[in-house]
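*Asks:* Below you will find the structure I want to go over with you.
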Protein chains: 2
Amino acid sequence: MEQRISLTTLGVRDMGRAVAFYEALGWRRAEAPEGMAVFDLIGQALALYPLEDLARDMGLAPEALGAGAASYAYNVQEKSEVAEVLEAAREAGAEVLKEAEDTFWGGRGGYFADPDGHVWEVAWNPFSPLREDGAFRWGGYAPSGEAG
Amino acid sequence: MEQRISLTTLGVRDMGRAVAFYEALGWRRAEAPEGMAVFDLIGQALALYPLEDLARDMGLAPEALGAGAASYAYNVQEKSEVAEVLEAAREAGAEVLKEAEDTFWGGRGGYFADPDGHVWEVAWNPFSPLREDGAFRWGGYAPSGEAG
């Protein structure tokens, strides 16, 4: 694995309230599909996403996620790398929460937890290819209107 | 506030185990003071830090932080901005956990929680000034050997 966080996703209980909070801080949303809010940062992005959806994507029960729940996405350049990175994480001692699979938004991803329960997503997102230096920039979403 | 995360700090129960895990993934530590591990990323950094120390810095009881606890640092260019950003967060609806104060490592910082309990640190770190574009690069630490 290279050293990067591509996307930090904060699980929230009330999307309207969460979006209003970050907008009140002066942050501006990027174009994103309904059901999530994305803020483009410097070489990464921050997403707000319902807690229950985050739990579902991780393959966990919603009650497994408490206040402050989040995931850190490590994005890869090639679709096949998702499974490779999950395997490397498992060998390093991670608990793989969800094996690599195609996602509803047209990418491929999986999840692992580090020894202290911090959850990482490994993601291939064809709509937001990484820049040459590995930096991530939110690239919109699929033409169908689904998440990207 | 501009849009950035300067430093993501993961609270861990066993530093040796946590460091071994990320090193097994192939990550390489930057030079950092004893008691924390820092990995330089792209325009930001990731720190591993004992859970009890993270709770203390946030002004919370250690039992308030569970598995997966983390904080997101928003670094500022000027010392006086710490209090200003905390005030802006309070006005936007945040709970300020710790007001601006000088830190043991020679900087200045404070903490707030967003409406869903995600904890942000607002930090001025004279040893790691932000780059012109706002990106953060771990800049070592104070000559005394204390954290920076």
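Letters A, B, ... go to the chains of the structure tokens in the order shown; residues in each chain start at 1; ligands are counted from 1 in the same order.
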Name the residues of chain B that fall into strand (DSSP E) according to DSSP on the backbone, using the chain letters and numbers of this document, as a VMD selection string.

*Replies:* chain B and resid 7 to 12 37 to 40 45 to 50 70 to 76 95 to 102 108 to 113 119 to 124

*Asks:* Export, as a CSV table (one decimal), in the first residue's frame, the selected residues with N, CA and C atoms.

*Replies:*
```
chain,number,residue,atom,x,y,z
B,7,LEU,N,-4.4,16.6,9.5
B,7,LEU,CA,-3.9,15.5,10.2
B,7,LEU,C,-5.0,14.7,10.8
B,8,THR,N,-5.1,13.4,10.4
B,8,THR,CA,-6.0,12.5,11.0
B,8,THR,C,-5.3,11.7,12.1
B,9,THR,N,-5.9,11.7,13.3
B,9,THR,CA,-5.2,11.0,14.4
B,9,THR,C,-6.1,9.8,14.9
B,10,LEU,N,-5.6,8.7,14.8
B,10,LEU,CA,-6.3,7.5,15.2
B,10,LEU,C,-5.9,7.1,16.6
B,11,GLY,N,-6.9,7.0,17.5
B,11,GLY,CA,-6.6,6.6,18.9
B,11,GLY,C,-6.4,5.1,19.0
B,12,VAL,N,-5.3,4.6,19.6
B,12,VAL,CA,-5.0,3.2,19.6
B,12,VAL,C,-4.7,2.7,21.0
B,37,ALA,N,3.2,8.0,16.4
B,37,ALA,CA,3.8,7.6,15.2
B,37,ALA,C,3.1,8.5,14.1
B,38,VAL,N,3.8,8.9,13.1
B,38,VAL,CA,3.3,9.8,12.1
B,38,VAL,C,3.7,9.3,10.7
B,39,PHE,N,2.7,9.3,9.8
B,39,PHE,CA,2.9,8.9,8.4
B,39,PHE,C,2.5,10.1,7.6
B,40,ASP,N,3.5,10.5,6.7
B,40,ASP,CA,3.2,11.6,5.9
B,40,ASP,C,2.4,11.1,4.7
B,45,ALA,N,-1.4,14.2,7.0
B,45,ALA,CA,-0.6,13.2,7.7
B,45,ALA,C,-1.6,12.3,8.5
B,46,LEU,N,-1.1,11.1,8.8
B,46,LEU,CA,-1.9,10.2,9.7
B,46,LEU,C,-1.1,10.0,10.9
B,47,ALA,N,-1.7,10.1,12.1
B,47,ALA,CA,-0.9,9.9,13.3
B,47,ALA,C,-1.6,8.7,14.1
B,48,LEU,N,-0.8,7.9,14.7
B,48,LEU,CA,-1.3,6.9,15.7
B,48,LEU,C,-0.9,7.4,17.1
B,49,TYR,N,-1.8,7.4,18.0
B,49,TYR,CA,-1.6,8.1,19.3
B,49,TYR,C,-2.5,7.3,20.3
B,50,PRO,N,-1.9,7.1,21.5
B,50,PRO,CA,-2.7,6.4,22.5
B,50,PRO,C,-4.0,6.9,22.8
B,70,ALA,N,-11.1,8.8,16.7
B,70,ALA,CA,-10.2,9.5,15.9
B,70,ALA,C,-10.5,11.0,16.0
B,71,SER,N,-9.5,11.8,15.6
B,71,SER,CA,-9.8,13.3,15.4
B,71,SER,C,-9.2,13.7,14.1
B,72,TYR,N,-9.8,14.8,13.6
B,72,TYR,CA,-9.4,15.4,12.3
B,72,TYR,C,-8.9,16.8,12.6
B,73,ALA,N,-7.6,17.0,12.3
B,73,ALA,CA,-7.1,18.3,12.6
B,73,ALA,C,-7.2,19.3,11.5
B,74,TYR,N,-7.7,20.5,11.8
B,74,TYR,CA,-7.8,21.6,10.8
B,74,TYR,C,-6.7,22.5,11.3
B,75,ASN,N,-5.6,22.5,10.5
B,75,ASN,CA,-4.5,23.4,10.9
B,75,ASN,C,-4.6,24.8,10.4
B,76,VAL,N,-4.2,25.8,11.1
B,76,VAL,CA,-4.3,27.2,10.7
B,76,VAL,C,-2.9,27.8,10.6
B,95,GLU,N,-20.2,21.6,19.4
B,95,GLU,CA,-19.9,21.7,20.8
B,95,GLU,C,-18.4,21.8,21.0
B,96,VAL,N,-18.0,22.9,21.6
B,96,VAL,CA,-16.6,23.1,21.8
B,96,VAL,C,-16.2,22.3,23.0
B,97,LEU,N,-15.3,21.3,22.7
B,97,LEU,CA,-14.8,20.4,23.8
B,97,LEU,C,-13.7,21.0,24.6
B,98,LYS,N,-12.9,21.7,23.9
B,98,LYS,CA,-11.8,22.4,24.6
B,98,LYS,C,-11.4,23.7,23.9
B,99,GLU,N,-11.5,24.8,24.7
B,99,GLU,CA,-11.2,26.1,24.1
B,99,GLU,C,-9.7,26.2,23.7
B,100,ALA,N,-9.4,27.2,23.0
B,100,ALA,CA,-8.0,27.4,22.5
B,100,ALA,C,-7.0,27.5,23.7
B,101,GLU,N,-6.0,26.8,23.7
B,101,GLU,CA,-4.9,26.9,24.7
B,101,GLU,C,-3.6,26.5,24.2
B,102,ASP,N,-2.5,27.0,24.8
B,102,ASP,CA,-1.2,26.6,24.4
B,102,ASP,C,-1.1,25.1,24.7
B,108,ARG,N,-0.7,25.6,19.6
B,108,ARG,CA,-1.9,26.1,20.2
B,108,ARG,C,-3.0,25.3,19.6
B,109,GLY,N,-4.0,24.9,20.4
B,109,GLY,CA,-5.1,24.1,19.8
B,109,GLY,C,-6.3,24.1,20.7
B,110,GLY,N,-7.4,23.6,20.1
B,110,GLY,CA,-8.7,23.3,20.8
B,110,GLY,C,-9.4,22.3,20.0
B,111,TYR,N,-10.5,21.9,20.6
B,111,TYR,CA,-11.3,20.8,19.9
B,111,TYR,C,-12.8,21.1,19.9
B,112,PHE,N,-13.5,20.7,18.8
B,112,PHE,CA,-14.9,20.7,18.8
B,112,PHE,C,-15.5,19.5,18.2
B,113,ALA,N,-16.7,19.2,18.5
B,113,ALA,CA,-17.4,18.0,18.0
B,113,ALA,C,-18.5,18.5,17.1
B,119,VAL,N,-15.0,14.4,16.0
B,119,VAL,CA,-14.2,15.4,16.7
B,119,VAL,C,-13.1,16.0,15.8
B,120,TRP,N,-13.1,17.3,15.8
B,120,TRP,CA,-12.1,18.1,15.1
B,120,TRP,C,-11.2,18.8,16.0
B,121,GLU,N,-9.9,18.8,15.7
B,121,GLU,CA,-8.9,19.6,16.4
B,121,GLU,C,-8.6,20.8,15.5
B,122,VAL,N,-8.6,22.0,16.1
B,122,VAL,CA,-8.1,23.2,15.4
B,122,VAL,C,-6.7,23.5,16.0
B,123,ALA,N,-5.7,23.5,15.1
B,123,ALA,CA,-4.3,23.5,15.6
B,123,ALA,C,-3.5,24.5,14.9
B,124,TRP,N,-2.6,25.2,15.6
B,124,TRP,CA,-1.6,26.0,15.1
B,124,TRP,C,-0.3,25.3,15.5
```

*Asks:* Would you return as an mmCIF file with N, CA and C atoms, in the first residue's frame the members of chain B that DSSP assigns to alpha helix (DSSP H) on this structure's backbone?

*Replies:*
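Dumped to part.cif:
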```cif
data_model
loop_
_atom_site.group_PDB
_atom_site.id
_atom_site.type_symbol
_atom_site.label_atom_id
_atom_site.label_comp_id
_atom_site.auth_asym_id
_atom_site.auth_seq_id
_atom_site.Cartn_x
_atom_site.Cartn_y
_atom_site.Cartn_z
ATOM 1 N N MET B 15 0.257 0.894 21.084
ATOM 2 C CA MET B 15 1.027 1.581 20.037
ATOM 3 C C MET B 15 1.894 0.620 19.238
ATOM 4 N N GLY B 16 2.544 -0.311 19.926
ATOM 5 C CA GLY B 16 3.428 -1.241 19.227
ATOM 6 C C GLY B 16 2.679 -2.060 18.194
ATOM 7 N N ARG B 17 1.508 -2.544 18.604
ATOM 8 C CA ARG B 17 0.689 -3.343 17.694
ATOM 9 C C ARG B 17 0.206 -2.500 16.508
ATOM 10 N N ALA B 18 -0.227 -1.275 16.798
ATOM 11 C CA ALA B 18 -0.763 -0.413 15.735
ATOM 12 C C ALA B 18 0.330 -0.036 14.729
ATOM 13 N N VAL B 19 1.498 0.320 15.245
ATOM 14 C CA VAL B 19 2.600 0.696 14.358
ATOM 15 C C VAL B 19 3.010 -0.505 13.503
ATOM 16 N N ALA B 20 3.077 -1.672 14.129
ATOM 17 C CA ALA B 20 3.465 -2.885 13.395
ATOM 18 C C ALA B 20 2.476 -3.162 12.267
ATOM 19 N N PHE B 21 1.197 -2.928 12.531
ATOM 20 C CA PHE B 21 0.183 -3.165 11.511
ATOM 21 C C PHE B 21 0.400 -2.255 10.293
ATOM 22 N N TYR B 22 0.540 -0.951 10.520
ATOM 23 C CA TYR B 22 0.691 -0.043 9.371
ATOM 24 C C TYR B 22 2.040 -0.234 8.671
ATOM 25 N N GLU B 23 3.055 -0.590 9.434
ATOM 26 C CA GLU B 23 4.340 -0.882 8.781
ATOM 27 C C GLU B 23 4.235 -2.156 7.941
ATOM 28 N N ALA B 24 3.441 -3.116 8.410
ATOM 29 C CA ALA B 24 3.265 -4.355 7.633
ATOM 30 C C ALA B 24 2.517 -4.078 6.327
ATOM 31 N N LEU B 51 -5.002 6.056 22.952
ATOM 32 C CA LEU B 51 -6.387 6.452 23.178
ATOM 33 C C LEU B 51 -6.532 7.354 24.398
ATOM 34 N N GLU B 52 -5.827 7.041 25.478
ATOM 35 C CA GLU B 52 -5.960 7.840 26.706
ATOM 36 C C GLU B 52 -5.391 9.240 26.505
ATOM 37 N N ASP B 53 -4.300 9.326 25.741
ATOM 38 C CA ASP B 53 -3.708 10.648 25.486
ATOM 39 C C ASP B 53 -4.620 11.473 24.588
ATOM 40 N N LEU B 54 -5.250 10.803 23.622
ATOM 41 C CA LEU B 54 -6.178 11.506 22.738
ATOM 42 C C LEU B 54 -7.353 12.049 23.555
ATOM 43 N N ALA B 55 -7.887 11.224 24.458
ATOM 44 C CA ALA B 55 -8.996 11.669 25.307
ATOM 45 C C ALA B 55 -8.567 12.855 26.167
ATOM 46 N N ARG B 56 -7.391 12.761 26.759
ATOM 47 C CA ARG B 56 -6.884 13.859 27.596
ATOM 48 C C ARG B 56 -6.787 15.151 26.779
ATOM 49 N N ASP B 57 -6.203 15.050 25.583
ATOM 50 C CA ASP B 57 -6.053 16.245 24.750
ATOM 51 C C ASP B 57 -7.403 16.846 24.382
ATOM 52 N N MET B 58 -8.407 15.992 24.181
ATOM 53 C CA MET B 58 -9.746 16.473 23.822
ATOM 54 C C MET B 58 -10.490 17.026 25.036
ATOM 55 N N GLU B 81 -5.804 32.332 14.896
ATOM 56 C CA GLU B 81 -6.928 31.729 14.175
ATOM 57 C C GLU B 81 -7.570 30.581 14.939
ATOM 58 N N VAL B 82 -6.849 29.982 15.873
ATOM 59 C CA VAL B 82 -7.405 28.833 16.596
ATOM 60 C C VAL B 82 -8.707 29.232 17.278
ATOM 61 N N ALA B 83 -8.671 30.308 18.044
ATOM 62 C CA ALA B 83 -9.876 30.751 18.762
ATOM 63 C C ALA B 83 -10.961 31.183 17.780
ATOM 64 N N GLU B 84 -10.549 31.819 16.688
ATOM 65 C CA GLU B 84 -11.537 32.282 15.701
ATOM 66 C C GLU B 84 -12.293 31.117 15.078
ATOM 67 N N VAL B 85 -11.563 30.059 14.731
ATOM 68 C CA VAL B 85 -12.214 28.904 14.097
ATOM 69 C C VAL B 85 -13.108 28.185 15.106
ATOM 70 N N LEU B 86 -12.666 28.068 16.346
ATOM 71 C CA LEU B 86 -13.513 27.441 17.364
ATOM 72 C C LEU B 86 -14.808 28.229 17.544
ATOM 73 N N GLU B 87 -14.697 29.552 17.507
ATOM 74 C CA GLU B 87 -15.887 30.390 17.665
ATOM 75 C C GLU B 87 -16.825 30.210 16.464
ATOM 76 N N ALA B 88 -16.250 30.145 15.275
ATOM 77 C CA ALA B 88 -17.069 29.938 14.072
ATOM 78 C C ALA B 88 -17.770 28.586 14.135
ATOM 79 N N ALA B 89 -17.064 27.571 14.655
ATOM 80 C CA ALA B 89 -17.667 26.240 14.776
ATOM 81 C C ALA B 89 -18.806 26.276 15.787
ATOM 82 N N ARG B 90 -18.596 26.984 16.899
ATOM 83 C CA ARG B 90 -19.645 27.085 17.916
ATOM 84 C C ARG B 90 -20.891 27.745 17.318
ATOM 85 N N GLU B 91 -20.654 28.812 16.540
ATOM 86 C CA GLU B 91 -21.791 29.512 15.934
ATOM 87 C C GLU B 91 -22.526 28.627 14.925
ATOM 88 N N ALA B 92 -21.792 27.694 14.320
ATOM 89 C CA ALA B 92 -22.409 26.794 13.339
ATOM 90 C C ALA B 92 -23.127 25.631 14.015
#
```

*Asks:* Give me, as an MDAnalysis selection string, the contact residues of chain A against chain B at a cut-off of 7 Å, counting only C-alpha atoms.

*Replies:* chainID A and resid 1:4 12:13 18 21 24:27 41:43 67:68 88:89 92:93 115:118 135

*Asks:* Between atom CA of B:Thr103 and atom CA of B:Asn125, what is the distance, to one decimal in Å?

*Replies:*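 It comes out at 9.6 Å.
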
*Asks:* Just to confirm, what's the straight-line distance from atom CA of A:Glu34 to atom CA of A:Lys79 in Å (one decimal)?

*Replies:*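 Atom CA of A:Glu34 sits 24.8 Å away from atom CA of A:Lys79.
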